[in-house]
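Asks: My file is final_27.pdb. It has PDB, C-alpha atoms:
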MODEL        1
ATOM      1  CA  MET A   1       0.000   0.000   0.000
ATOM      2  CA  ALA A   2       1.056   3.562  -0.613
ATOM      3  CA  LYS A   3       2.652   5.220   2.430
ATOM      4  CA  LYS A   4       1.836   8.785   1.443
ATOM      5  CA  LYS A   5      -1.764   9.535   0.557
ATOM      6  CA  ASN A   6      -3.083  12.413  -1.482
ATOM      7  CA  LYS A   7      -6.207  13.750   0.266
ATOM      8  CA  LEU A   8      -7.555  15.036  -3.054
ATOM      9  CA  VAL A   9      -7.794  11.466  -4.338
ATOM     10  CA  ARG A  10     -11.424  10.768  -3.504
ATOM     11  CA  PRO A  11     -14.664   9.757  -5.257
ATOM     12  CA  CYS A  12     -15.652  11.805  -8.298
ATOM     13  CA  VAL A  13     -19.186  10.406  -8.382
ATOM     14  CA  LYS A  14     -21.899   9.936  -5.792
ATOM     15  CA  TRP A  15     -22.907   6.287  -5.951
ATOM     16  CA  ALA A  16     -25.685   4.225  -4.382
ATOM     17  CA  GLY A  17     -24.157   2.314  -1.463
ATOM     18  CA  GLY A  18     -21.023   4.495  -1.402
ATOM     19  CA  LYS A  19     -18.690   3.757   1.502
ATOM     20  CA  ARG A  20     -17.578   7.194   2.684
ATOM     21  CA  GLN A  21     -19.951   6.993   5.672
ATOM     22  CA  ILE A  22     -18.410   3.771   7.021
ATOM     23  CA  LEU A  23     -14.810   4.065   5.790
ATOM     24  CA  ASN A  24     -13.396   3.999   9.316
ATOM     25  CA  LYS A  25     -15.161   0.697  10.015
ATOM     26  CA  ILE A  26     -13.913  -0.835   6.764
ATOM     27  CA  MET A  27     -10.349   0.464   7.047
ATOM     28  CA  LYS A  28      -9.753  -1.252  10.393
ATOM     29  CA  TYR A  29     -10.052  -4.581   8.566
ATOM     30  CA  ILE A  30      -7.848  -3.743   5.568
ATOM     31  CA  PRO A  31      -4.604  -5.779   5.926
ATOM     32  CA  ASP A  32      -1.348  -3.854   6.274
ATOM     33  CA  ASN A  33       0.337  -5.871   3.553
ATOM     34  CA  PHE A  34      -0.861  -7.358   0.284
ATOM     35  CA  SER A  35       0.478  -7.619  -3.267
ATOM     36  CA  THR A  36      -2.523  -6.532  -5.337
ATOM     37  CA  TYR A  37      -5.760  -4.867  -4.287
ATOM     38  CA  TYR A  38      -8.897  -6.167  -6.020
ATOM     39  CA  GLU A  39     -12.272  -4.422  -6.051
ATOM     40  CA  PRO A  40     -14.758  -6.146  -8.414
ATOM     41  CA  PHE A  41     -17.631  -3.711  -7.622
ATOM     42  CA  VAL A  42     -15.706  -0.447  -7.435
ATOM     43  CA  GLY A  43     -18.634   1.992  -7.734
ATOM     44  CA  GLY A  44     -17.549   5.445  -6.527
ATOM     45  CA  GLY A  45     -14.227   4.030  -5.328
ATOM     46  CA  ALA A  46     -14.226   5.388  -1.745
ATOM     47  CA  VAL A  47     -12.226   2.430  -0.397
ATOM     48  CA  LEU A  48      -9.852   2.286  -3.387
ATOM     49  CA  PHE A  49      -9.064   5.992  -3.150
ATOM     50  CA  ASN A  50      -8.588   5.795   0.605
ATOM     51  CA  ILE A  51      -6.137   2.899   0.326
ATOM     52  CA  GLN A  52      -4.394   4.257  -2.807
ATOM     53  CA  SER A  53      -2.763   0.900  -3.479
ATOM     54  CA  LYS A  54       0.186   0.922  -5.901
ATOM     55  CA  LYS A  55      -1.164  -2.173  -7.651
ATOM     56  CA  ALA A  56      -4.894  -2.666  -8.114
ATOM     57  CA  ILE A  57      -7.456  -4.346 -10.351
ATOM     58  CA  ILE A  58     -10.815  -2.579 -10.255
ATOM     59  CA  ASN A  59     -14.004  -3.527 -12.032
ATOM     60  CA  ASP A  60     -17.612  -2.454 -12.395
ATOM     61  CA  ALA A  61     -20.505  -3.838 -14.416
ATOM     62  CA  ASN A  62     -21.739  -0.331 -15.200
ATOM     63  CA  HIS A  63     -20.219   0.580 -18.567
ATOM     64  CA  HIS A  64     -20.950   4.296 -18.032
ATOM     65  CA  LEU A  65     -18.834   4.261 -14.879
ATOM     66  CA  PHE A  66     -16.132   2.210 -16.592
ATOM     67  CA  ASN A  67     -15.925   4.904 -19.278
ATOM     68  CA  VAL A  68     -15.755   7.692 -16.664
ATOM     69  CA  TYR A  69     -12.681   6.117 -15.032
ATOM     70  CA  HIS A  70     -10.988   5.558 -18.386
ATOM     71  CA  VAL A  71     -11.554   9.171 -19.445
ATOM     72  CA  ILE A  72     -10.372  10.540 -16.089
ATOM     73  CA  ARG A  73      -7.178   8.516 -16.506
ATOM     74  CA  ASP A  74      -6.524   9.222 -20.186
ATOM     75  CA  ASN A  75      -8.170  12.577 -20.988
ATOM     76  CA  VAL A  76      -8.688  14.493 -17.751
ATOM     77  CA  ASN A  77      -7.971  17.970 -19.172
ATOM     78  CA  GLU A  78     -10.361  17.476 -22.081
ATOM     79  CA  LEU A  79     -12.961  16.137 -19.631
ATOM     80  CA  ILE A  80     -12.659  19.211 -17.399
ATOM     81  CA  LYS A  81     -13.029  21.479 -20.426
ATOM     82  CA  ASP A  82     -16.163  19.640 -21.538
ATOM     83  CA  LEU A  83     -17.663  19.751 -18.033
ATOM     84  CA  GLU A  84     -17.359  23.543 -18.030
ATOM     85  CA  LYS A  85     -19.983  23.820 -20.776
ATOM     86  CA  HIS A  86     -22.773  22.357 -18.614
ATOM     87  CA  LYS A  87     -25.462  24.531 -17.025
ATOM     88  CA  ASN A  88     -27.365  23.885 -13.806
ATOM     89  CA  LYS A  89     -30.746  24.572 -15.391
ATOM     90  CA  GLU A  90     -33.735  22.246 -15.461
ATOM     91  CA  GLU A  91     -34.486  22.512 -19.172
ATOM     92  CA  TYR A  92     -30.827  21.968 -20.063
ATOM     93  CA  TYR A  93     -30.604  19.016 -17.625
ATOM     94  CA  TYR A  94     -33.432  17.179 -19.401
ATOM     95  CA  GLU A  95     -31.873  17.881 -22.796
ATOM     96  CA  ILE A  96     -28.651  16.201 -21.640
ATOM     97  CA  ARG A  97     -30.496  13.390 -19.870
ATOM     98  CA  GLU A  98     -32.489  12.562 -23.014
ATOM     99  CA  LEU A  99     -29.370  12.149 -25.174
ATOM    100  CA  ASP A 100     -29.173   8.388 -24.579
ATOM    101  CA  ARG A 101     -32.596   8.096 -26.256
ATOM    102  CA  THR A 102     -31.332   9.701 -29.481
ATOM    103  CA  GLU A 103     -29.196   8.738 -32.463
ATOM    104  CA  LYS A 104     -26.750  11.511 -31.489
ATOM    105  CA  PHE A 105     -25.652   9.477 -28.458
ATOM    106  CA  LYS A 106     -23.958   6.926 -30.723
ATOM    107  CA  THR A 107     -21.765   9.640 -32.231
ATOM    108  CA  MET A 108     -20.699  11.199 -28.923
ATOM    109  CA  SER A 109     -17.063  10.749 -27.893
ATOM    110  CA  ASP A 110     -16.075   8.896 -24.708
ATOM    111  CA  ILE A 111     -15.106  12.285 -23.232
ATOM    112  CA  GLU A 112     -18.563  13.724 -23.943
ATOM    113  CA  LYS A 113     -20.263  10.638 -22.498
ATOM    114  CA  ALA A 114     -18.165  10.786 -19.329
ATOM    115  CA  SER A 115     -18.859  14.506 -19.015
ATOM    116  CA  ARG A 116     -22.580  13.837 -19.387
ATOM    117  CA  ILE A 117     -22.599  11.198 -16.654
ATOM    118  CA  LEU A 118     -20.633  13.382 -14.224
ATOM    119  CA  PHE A 119     -22.940  16.337 -14.923
ATOM    120  CA  LEU A 120     -26.084  14.256 -14.404
ATOM    121  CA  ASN A 121     -24.629  12.689 -11.260
ATOM    122  CA  LYS A 122     -23.933  16.096  -9.694
ATOM    123  CA  THR A 123     -27.239  17.711 -10.682
ATOM    124  CA  CYS A 124     -29.818  14.892 -10.588
ATOM    125  CA  TYR A 125     -32.136  14.280  -7.638
ATOM    126  CA  ASN A 126     -30.177  13.006  -4.639
ATOM    127  CA  GLY A 127     -27.215  11.866  -6.753
ATOM    128  CA  LEU A 128     -29.039   8.673  -7.657
ATOM    129  CA  PHE A 129     -27.723   6.738 -10.658
ATOM    130  CA  ARG A 130     -30.638   4.783 -12.061
ATOM    131  CA  VAL A 131     -31.538   3.451 -15.488
ATOM    132  CA  ASN A 132     -34.837   2.119 -16.825
ATOM    133  CA  SER A 133     -35.463  -1.238 -18.516
ATOM    134  CA  SER A 134     -33.987   0.147 -21.742
ATOM    135  CA  GLY A 135     -30.777   1.204 -19.991
ATOM    136  CA  GLU A 136     -31.657   4.922 -20.183
ATOM    137  CA  PHE A 137     -30.837   7.348 -17.363
ATOM    138  CA  ASN A 138     -34.172   8.321 -15.781
ATOM    139  CA  VAL A 139     -33.534  10.335 -12.590
ATOM    140  CA  PRO A 140     -35.271  13.746 -12.329
ATOM    141  CA  PHE A 141     -33.544  17.122 -11.932
ATOM    142  CA  GLY A 142     -32.245  17.871  -8.446
ATOM    143  CA  SER A 143     -32.780  21.657  -8.266
ATOM    144  CA  TYR A 144     -29.570  22.267  -6.297
ATOM    145  CA  LYS A 145     -28.354  25.858  -5.988
ATOM    146  CA  ASN A 146     -24.635  25.323  -6.516
ATOM    147  CA  PRO A 147     -23.668  21.734  -7.430
ATOM    148  CA  ASP A 148     -19.950  21.010  -7.795
ATOM    149  CA  ILE A 149     -20.055  20.085 -11.493
ATOM    150  CA  VAL A 150     -16.378  20.822 -12.252
ATOM    151  CA  ASN A 151     -14.129  19.683  -9.401
ATOM    152  CA  ALA A 152     -10.863  19.994 -11.345
ATOM    153  CA  PRO A 153      -8.427  19.433  -8.414
ATOM    154  CA  VAL A 154     -10.085  16.118  -7.495
ATOM    155  CA  LEU A 155     -10.349  14.944 -11.110
ATOM    156  CA  LYS A 156      -6.660  15.735 -11.703
ATOM    157  CA  ALA A 157      -5.603  14.042  -8.466
ATOM    158  CA  VAL A 158      -7.555  10.883  -9.342
ATOM    159  CA  SER A 159      -6.077  10.952 -12.851
ATOM    160  CA  HIS A 160      -2.577  11.262 -11.386
ATOM    161  CA  TYR A 161      -3.203   8.276  -9.090
ATOM    162  CA  LEU A 162      -4.556   6.104 -11.921
ATOM    163  CA  ASN A 163      -1.640   7.034 -14.202
ATOM    164  CA  ASN A 164       1.199   6.743 -11.706
ATOM    165  CA  ASN A 165       0.263   3.387 -10.243
ATOM    166  CA  ASN A 166      -0.439  -0.026 -11.714
ATOM    167  CA  VAL A 167      -4.257   0.189 -11.781
ATOM    168  CA  LYS A 168      -6.145  -1.998 -14.241
ATOM    169  CA  ILE A 169      -9.743  -0.905 -14.981
ATOM    170  CA  LEU A 170     -12.177  -3.613 -16.113
ATOM    171  CA  ASN A 171     -15.818  -3.837 -17.221
ATOM    172  CA  VAL A 172     -16.540  -7.559 -16.923
ATOM    173  CA  ASP A 173     -18.457  -9.978 -14.720
ATOM    174  CA  PHE A 174     -17.152  -9.932 -11.139
ATOM    175  CA  GLU A 175     -15.945 -13.547 -11.374
ATOM    176  CA  GLU A 176     -13.988 -12.744 -14.534
ATOM    177  CA  SER A 177     -12.266  -9.817 -12.774
ATOM    178  CA  MET A 178     -10.958 -12.172 -10.068
ATOM    179  CA  LYS A 179      -9.182 -14.611 -12.378
ATOM    180  CA  GLY A 180      -5.576 -15.183 -11.415
ATOM    181  CA  MET A 181      -5.833 -13.737  -7.898
ATOM    182  CA  ARG A 182      -2.885 -14.923  -5.820
ATOM    183  CA  LYS A 183      -2.689 -15.771  -2.145
ATOM    184  CA  GLU A 184      -0.723 -12.598  -1.332
ATOM    185  CA  ALA A 185      -3.445 -10.347  -2.801
ATOM    186  CA  PHE A 186      -6.533  -8.937  -1.067
ATOM    187  CA  VAL A 187     -10.075  -8.348  -2.304
ATOM    188  CA  TYR A 188     -12.843  -6.082  -1.067
ATOM    189  CA  PHE A 189     -16.305  -6.991  -2.346
ATOM    190  CA  ASP A 190     -19.012  -4.322  -2.326
ATOM    191  CA  PRO A 191     -21.804  -5.793  -4.465
ATOM    192  CA  PRO A 192     -25.244  -4.257  -4.985
ATOM    193  CA  TYR A 193     -26.872  -4.960  -1.645
ATOM    194  CA  HIS A 194     -29.524  -7.628  -1.201
ATOM    195  CA  PRO A 195     -32.791  -5.840  -0.291
ATOM    196  CA  LEU A 196     -33.635  -5.700   3.414
ATOM    197  CA  SER A 197     -37.236  -6.154   2.336
ATOM    198  CA  ASP A 198     -39.046  -7.218  -0.817
ATOM    199  CA  SER A 199     -40.090  -3.631  -1.512
ATOM    200  CA  SER A 200     -36.578  -2.144  -1.381
ATOM    201  CA  SER A 201     -33.739  -2.571  -3.842
ATOM    202  CA  PHE A 202     -30.385  -1.032  -4.764
ATOM    203  CA  THR A 203     -29.969  -3.175  -7.886
ATOM    204  CA  GLY A 204     -31.204  -0.711 -10.525
ATOM    205  CA  TYR A 205     -27.864   0.882 -11.384
ATOM    206  CA  THR A 206     -27.190  -1.614 -14.164
ATOM    207  CA  LEU A 207     -29.680  -2.823 -16.735
ATOM    208  CA  ASP A 208     -29.508  -6.483 -15.693
ATOM    209  CA  GLY A 209     -29.483  -5.893 -11.927
ATOM    210  CA  PHE A 210     -27.938  -8.185  -9.322
ATOM    211  CA  GLY A 211     -30.299 -10.836  -8.003
ATOM    212  CA  LYS A 212     -30.367 -13.661  -5.476
ATOM    213  CA  GLU A 213     -28.570 -16.050  -7.835
ATOM    214  CA  ASP A 214     -25.744 -13.520  -8.206
ATOM    215  CA  GLN A 215     -25.463 -13.218  -4.414
ATOM    216  CA  ILE A 216     -25.129 -17.011  -4.174
ATOM    217  CA  ARG A 217     -22.572 -17.003  -7.005
ATOM    218  CA  LEU A 218     -20.560 -14.383  -5.100
ATOM    219  CA  LYS A 219     -20.708 -16.473  -1.913
ATOM    220  CA  ASN A 220     -19.431 -19.498  -3.869
ATOM    221  CA  LEU A 221     -16.546 -17.380  -5.164
ATOM    222  CA  CYS A 222     -15.715 -16.357  -1.582
ATOM    223  CA  ASP A 223     -15.644 -20.049  -0.628
ATOM    224  CA  LYS A 224     -13.217 -20.781  -3.473
ATOM    225  CA  LEU A 225     -10.955 -17.909  -2.459
ATOM    226  CA  ASP A 226     -11.039 -19.033   1.157
ATOM    227  CA  LYS A 227      -9.948 -22.550   0.190
ATOM    228  CA  ARG A 228      -7.034 -21.059  -1.754
ATOM    229  CA  GLY A 229      -5.959 -19.033   1.281
ATOM    230  CA  CYS A 230      -6.927 -15.657  -0.237
ATOM    231  CA  ARG A 231      -8.229 -12.927   2.083
ATOM    232  CA  PHE A 232     -11.538 -11.212   1.383
ATOM    233  CA  LEU A 233     -13.628  -8.508   3.016
ATOM    234  CA  LEU A 234     -17.239  -8.101   1.932
ATOM    235  CA  SER A 235     -19.972  -5.534   2.590
ATOM    236  CA  ASN A 236     -23.650  -6.292   2.158
ATOM    237  CA  SER A 237     -26.995  -5.561   3.712
ATOM    238  CA  GLY A 238     -27.920  -7.112   7.047
ATOM    239  CA  ALA A 239     -30.756  -9.061   5.429
ATOM    240  CA  ASP A 240     -31.461 -12.470   6.977
ATOM    241  CA  PHE A 241     -30.612 -14.129   3.659
ATOM    242  CA  ILE A 242     -27.103 -12.595   3.646
ATOM    243  CA  GLN A 243     -26.481 -13.401   7.324
ATOM    244  CA  GLU A 244     -27.410 -17.037   6.701
ATOM    245  CA  LEU A 245     -25.310 -17.169   3.533
ATOM    246  CA  TYR A 246     -22.113 -16.064   5.313
ATOM    247  CA  GLN A 247     -22.737 -17.621   8.733
ATOM    248  CA  ASP A 248     -19.490 -19.638   8.561
ATOM    249  CA  TYR A 249     -17.372 -16.476   8.310
ATOM    250  CA  LYS A 250     -16.555 -13.629  10.692
ATOM    251  CA  CYS A 251     -19.477 -11.199  10.513
ATOM    252  CA  GLU A 252     -19.972  -7.796  12.092
ATOM    253  CA  LYS A 253     -23.246  -5.870  12.015
ATOM    254  CA  ILE A 254     -22.851  -2.142  11.573
ATOM    255  CA  GLY A 255     -25.177   0.825  11.197
ATOM    256  CA  ALA A 256     -24.698   2.981   8.120
ATOM    257  CA  LYS A 257     -26.384   6.246   7.199
ATOM    258  CA  ARG A 258     -27.839   6.010   3.710
ATOM    259  CA  SER A 259     -28.935   9.195   1.950
ATOM    260  CA  ILE A 260     -29.567   7.683  -1.498
ATOM    261  CA  ASN A 261     -33.056   6.246  -1.816
ATOM    262  CA  SER A 262     -35.878   7.225  -4.157
ATOM    263  CA  ASP A 263     -38.175   7.147  -1.112
ATOM    264  CA  GLY A 264     -37.141   9.897   1.312
ATOM    265  CA  ASN A 265     -38.781   8.061   4.226
ATOM    266  CA  LYS A 266     -36.375   5.145   3.775
ATOM    267  CA  ARG A 267     -33.186   7.161   4.152
ATOM    268  CA  GLY A 268     -31.251   7.051   7.419
ATOM    269  CA  LYS A 269     -29.590   4.330   9.485
ATOM    270  CA  VAL A 270     -29.689   0.898   7.896
ATOM    271  CA  LYS A 271     -28.306  -2.432   9.043
ATOM    272  CA  GLU A 272     -25.228  -3.572   7.115
ATOM    273  CA  LEU A 273     -22.893  -6.540   7.409
ATOM    274  CA  LEU A 274     -19.105  -6.767   7.122
ATOM    275  CA  VAL A 275     -17.858 -10.288   6.349
ATOM    276  CA  ARG A 276     -14.261 -11.491   6.364
ATOM    277  CA  ASN A 277     -12.264 -14.738   6.402
ATOM    278  CA  TYR A 278      -9.195 -13.628   8.387
ATOM    279  CA  ASP A 279      -8.348 -12.290  11.857
TER
ENDMDL
END
Produce structure tokens that represent the structure in this file.
Replies:
Amino acid sequence: MAKKKNKLVRPCVKWAGGKRQILNKIMKYIPDNFSTYYEPFVGGGAVLFNIQSKKAIINDANHHLFNVYHVIRDNVNELIKDLEKHKNKEEYYYEIRELDRTEKFKTMSDIEKASRILFLNKTCYNGLFRVNSSGEFNVPFGSYKNPDIVNAPVLKAVSHYLNNNNVKILNVDFEESMKGMRKEAFVYFDPPYHPLSDSSSFTGYTLDGFGKEDQIRLKNLCDKLDKRGCRFLLSNSGADFIQELYQDYKCEKIGAKRSINSDGNKRGKVKELLVRNYD
């Protein structure tokens, strides 16, 4: 792990289930030494950017997010310039939001697409990334007075980290991203959480979602890693199903404040679970 951390290296996007609220609880379980850091569900990257590992393999199923990280790494100055054109106005917001329903979207550059996602993320209602059944962004305007659309120092710091360390960015299935993991490495899993109830869900940030079968597939992967002597730390909801699934591992229940939910009455303290296979 890197000895000297840059405080400007922090999440560029607000993401459902982001870990900034419980970083201190997660960090106490991060091993002092490992060869490669793996994060197959990187999301906003709060844990990655806090650790600032010199060698990492990060992955996310959301291709929009995958593109954002690539552009930040490879074209940060052009991205910042493109972000400066955006306006925090409702009519303009819906014009930009509707682009993925048009033919023009296919001709947009990766820089323009990344700029669009960052703009929508900073100005949409409650910073919620959500797509409909057609994979189209469908969150309403947030009506914020002064959203931080162009945070150039943070974008440049993240770009510097991604360029000056051995960080591989993937957009594959989580199992695929774990291929070749060695015993000396370490993985932090932060999958879309299993709903605490049938009426709640955080699985709408990719078109195909993340269902019960995927949760079981992830648990089976953890079992395989455990047998190989690999260390893993996993976050998930405190749902009974998840507690039963990981009952053979070390589990700690924690309370986390969640501000991202389409239903305002369901925001606040929620029960989460930290699972690990090492002391």
Asks: If you take every atom of segment 10-27 of chain A that the file lists and fit an axis-aligned box around them with 8 Å extra on each side, what centre and edge lengths come out in Å to one decimal, as lines of an AutoDock Vina configuration file?
Replies:
center_x = -18.0
center_y = 5.5
center_z = 0.8
size_x = 31.3
size_y = 28.6
size_z = 34.4
Asks: Could you list the residues chosen by the PyMOL selection byres ((chain A and resi 215) around 10) in this structure as a PyMOL selection string?
Replies: chain A and resi 191-194+210-214+216-221+236+241-242+245
Asks: Give me the residues near Asp74 of chain A as an MDAnalysis selection string, where near means some atom within 12 Å (using all atoms listed in the file) and where sequence neighbours in that chain fewer than 6 positions away do not count.
Replies: chainID A and resid 67:68 110:111 114 155:156 158:164 169
Asks: Residue by residue, what does the PyMOL selection byres ((chain A and resi 54) around 8) grab here? Present the result as a list of chain:residue names.
Replies: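 So the PyMOL selection byres ((chain A and resi 54) around 8) ends up selecting A:Met1, A:Ala2, A:Thr36, A:Gln52, A:Ser53, A:Lys55, A:Ala56, A:Asn165, A:Asn166, A:Val167.
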Asks: Just checking: using all atoms listed in the file, which residue out of A:Arg130, A:Lys7, A:Lys168, A:His70 ends up closest to Ile58 of chain A?
Replies: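 Selected residue with least distance to Ile58 of chain A: A:Lys168.
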Asks: Decode the PyMOL selection byres ((chain A and resi 175) around 9) for the given file into explicit residues and return them as a list in words.
Replies: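 Applying the PyMOL selection byres ((chain A and resi 175) around 9) to the structure shown produces Pro40, Val172, Asp173, Phe174, Glu176, Ser177, Met178, Lys179, Arg217, Leu218 and Leu221 of chain A.
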Asks: Please identify all polymer residues within 12 Å of Asp240 of chain A, counting only C-alpha atoms, omitting same-chain residues fewer than 4 positions from it, and present them as a list of chain:residue names.
Replies: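 The residues satisfying every condition are A:His194, A:Pro195, A:Leu196, A:Ser197, A:Asn236, A:Glu244, A:Leu245, A:Tyr246, A:Gln247, A:Lys253, A:Lys271, A:Glu272, A:Leu273.
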Asks: Please compute the atom CA of His63 of chain A-atom CA of Val275 of chain A distance, one decimal, in Å.
Replies: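 Separating atom CA of His63 of chain A from atom CA of Val275 of chain A is a distance of 27.3 Å.
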Asks: Between A:Tyr278, A:Met108, A:Gly135, A:Asn88, which one has atoms that come closest to Pro147 of chain A, using only C-alpha atoms?
Replies: A:Asn88
Asks: Find the residue from A:Val187, A:Met181, A:Ala16, A:Ile149 that sits nearest to Pro31 of chain A; use all atoms listed in the file when measuring.
Replies: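 Checking each of A:Val187, A:Met181, A:Ala16, A:Ile149 against Pro31 of chain A, counting all atoms listed in the file, the winner is A:Val187.
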Asks: Show me, as a PyMOL selection string, the residues that have an atom within 10 Å of segment 151-153 of chain A when counting only C-alpha atoms, minus same-chain residues fewer than 3 positions from it.
Replies: chain A and resi 8-9+12+76-77+79-81+83-84+147-148+156-159
Asks: Tell me, as a ChimeraX atom specification, which residues lie within 8 Å of segment 182-184 of chain A, counting all atoms listed in the file; anything in the same chain fewer than 3 positions away does not count.
Replies: /A:34-36,228-231
Asks: Restricted to C-alpha atoms, what would the selected residues look like written as a short mmCIF file (atom, residue, chain, number, x, y, z; two decimals), keeping the file's coordinate frame?
Replies:
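Contents of the output file again_36.cif:
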data_model
loop_
_atom_site.label_atom_id
_atom_site.label_comp_id
_atom_site.auth_asym_id
_atom_site.auth_seq_id
_atom_site.Cartn_x
_atom_site.Cartn_y
_atom_site.Cartn_z
CA PHE A 34 -0.86 -7.36 0.28
CA SER A 35 0.48 -7.62 -3.27
CA THR A 36 -2.52 -6.53 -5.34
CA ARG A 228 -7.03 -21.06 -1.75
CA GLY A 229 -5.96 -19.03 1.28
CA CYS A 230 -6.93 -15.66 -0.24
CA ARG A 231 -8.23 -12.93 2.08
#
Asks: Which distance in Å separates atom CA of Lys113 of chain A and atom CA of Leu170 of chain A, to one decimal?
Replies: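 A separation of 17.6 Å between them.
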Asks: With all atoms listed in the file as the basis for distance, which of A:Asn132, A:Lys227, A:Asn277, A:Tyr188 is at the shortest distance from Ile57 of chain A?
Replies: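 Among A:Asn132, A:Lys227, A:Asn277, A:Tyr188, it is A:Tyr188 that comes nearest to Ile57 of chain A.
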Asks: Using atom CA of Gly180 of chain A and atom CA of Gly17 of chain A as the two end points, give the distance in Å to one decimal.
Replies: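 Separation of atom CA of Gly180 of chain A and atom CA of Gly17 of chain A: 27.4 Å.
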Asks: Using all atoms listed in the file, pick whichever of A:Leu233, A:Gly44, A:Lys28, A:Thr102 has the shortest atom-to-atom distance to Gly127 of chain A.
Replies: A:Gly44
Asks: Excluding Leu274 of chain A and any residue of its chain fewer than 3 positions from it, enumerate the residues within 6 Å of it, using all atoms listed in the file, and give them as a list of chain:residue names.
Replies: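 Listing them by chain and then by number gives A:Leu234, A:Ser235, A:Cys251, A:Glu252.
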Asks: Save the residues we just selected, C-alpha atoms, as an mmCIF file, in the coordinates of the input?
Replies:
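The file below, again_4.cif, is the result:
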data_model
loop_
_atom_site.group_PDB
_atom_site.id
_atom_site.type_symbol
_atom_site.label_atom_id
_atom_site.label_comp_id
_atom_site.auth_asym_id
_atom_site.auth_seq_id
_atom_site.Cartn_x
_atom_site.Cartn_y
_atom_site.Cartn_z
ATOM 1 C CA LEU A 234 -17.239 -8.101 1.932
ATOM 2 C CA SER A 235 -19.972 -5.534 2.590
ATOM 3 C CA CYS A 251 -19.477 -11.199 10.513
ATOM 4 C CA GLU A 252 -19.972 -7.796 12.092
#
Asks: Which residue gives the smallest distance to Lys19 of chain A among A:Asp190, A:Asp248, A:Asp226, A:Asp100, with all atoms listed in the file counted?
Replies: A:Asp190
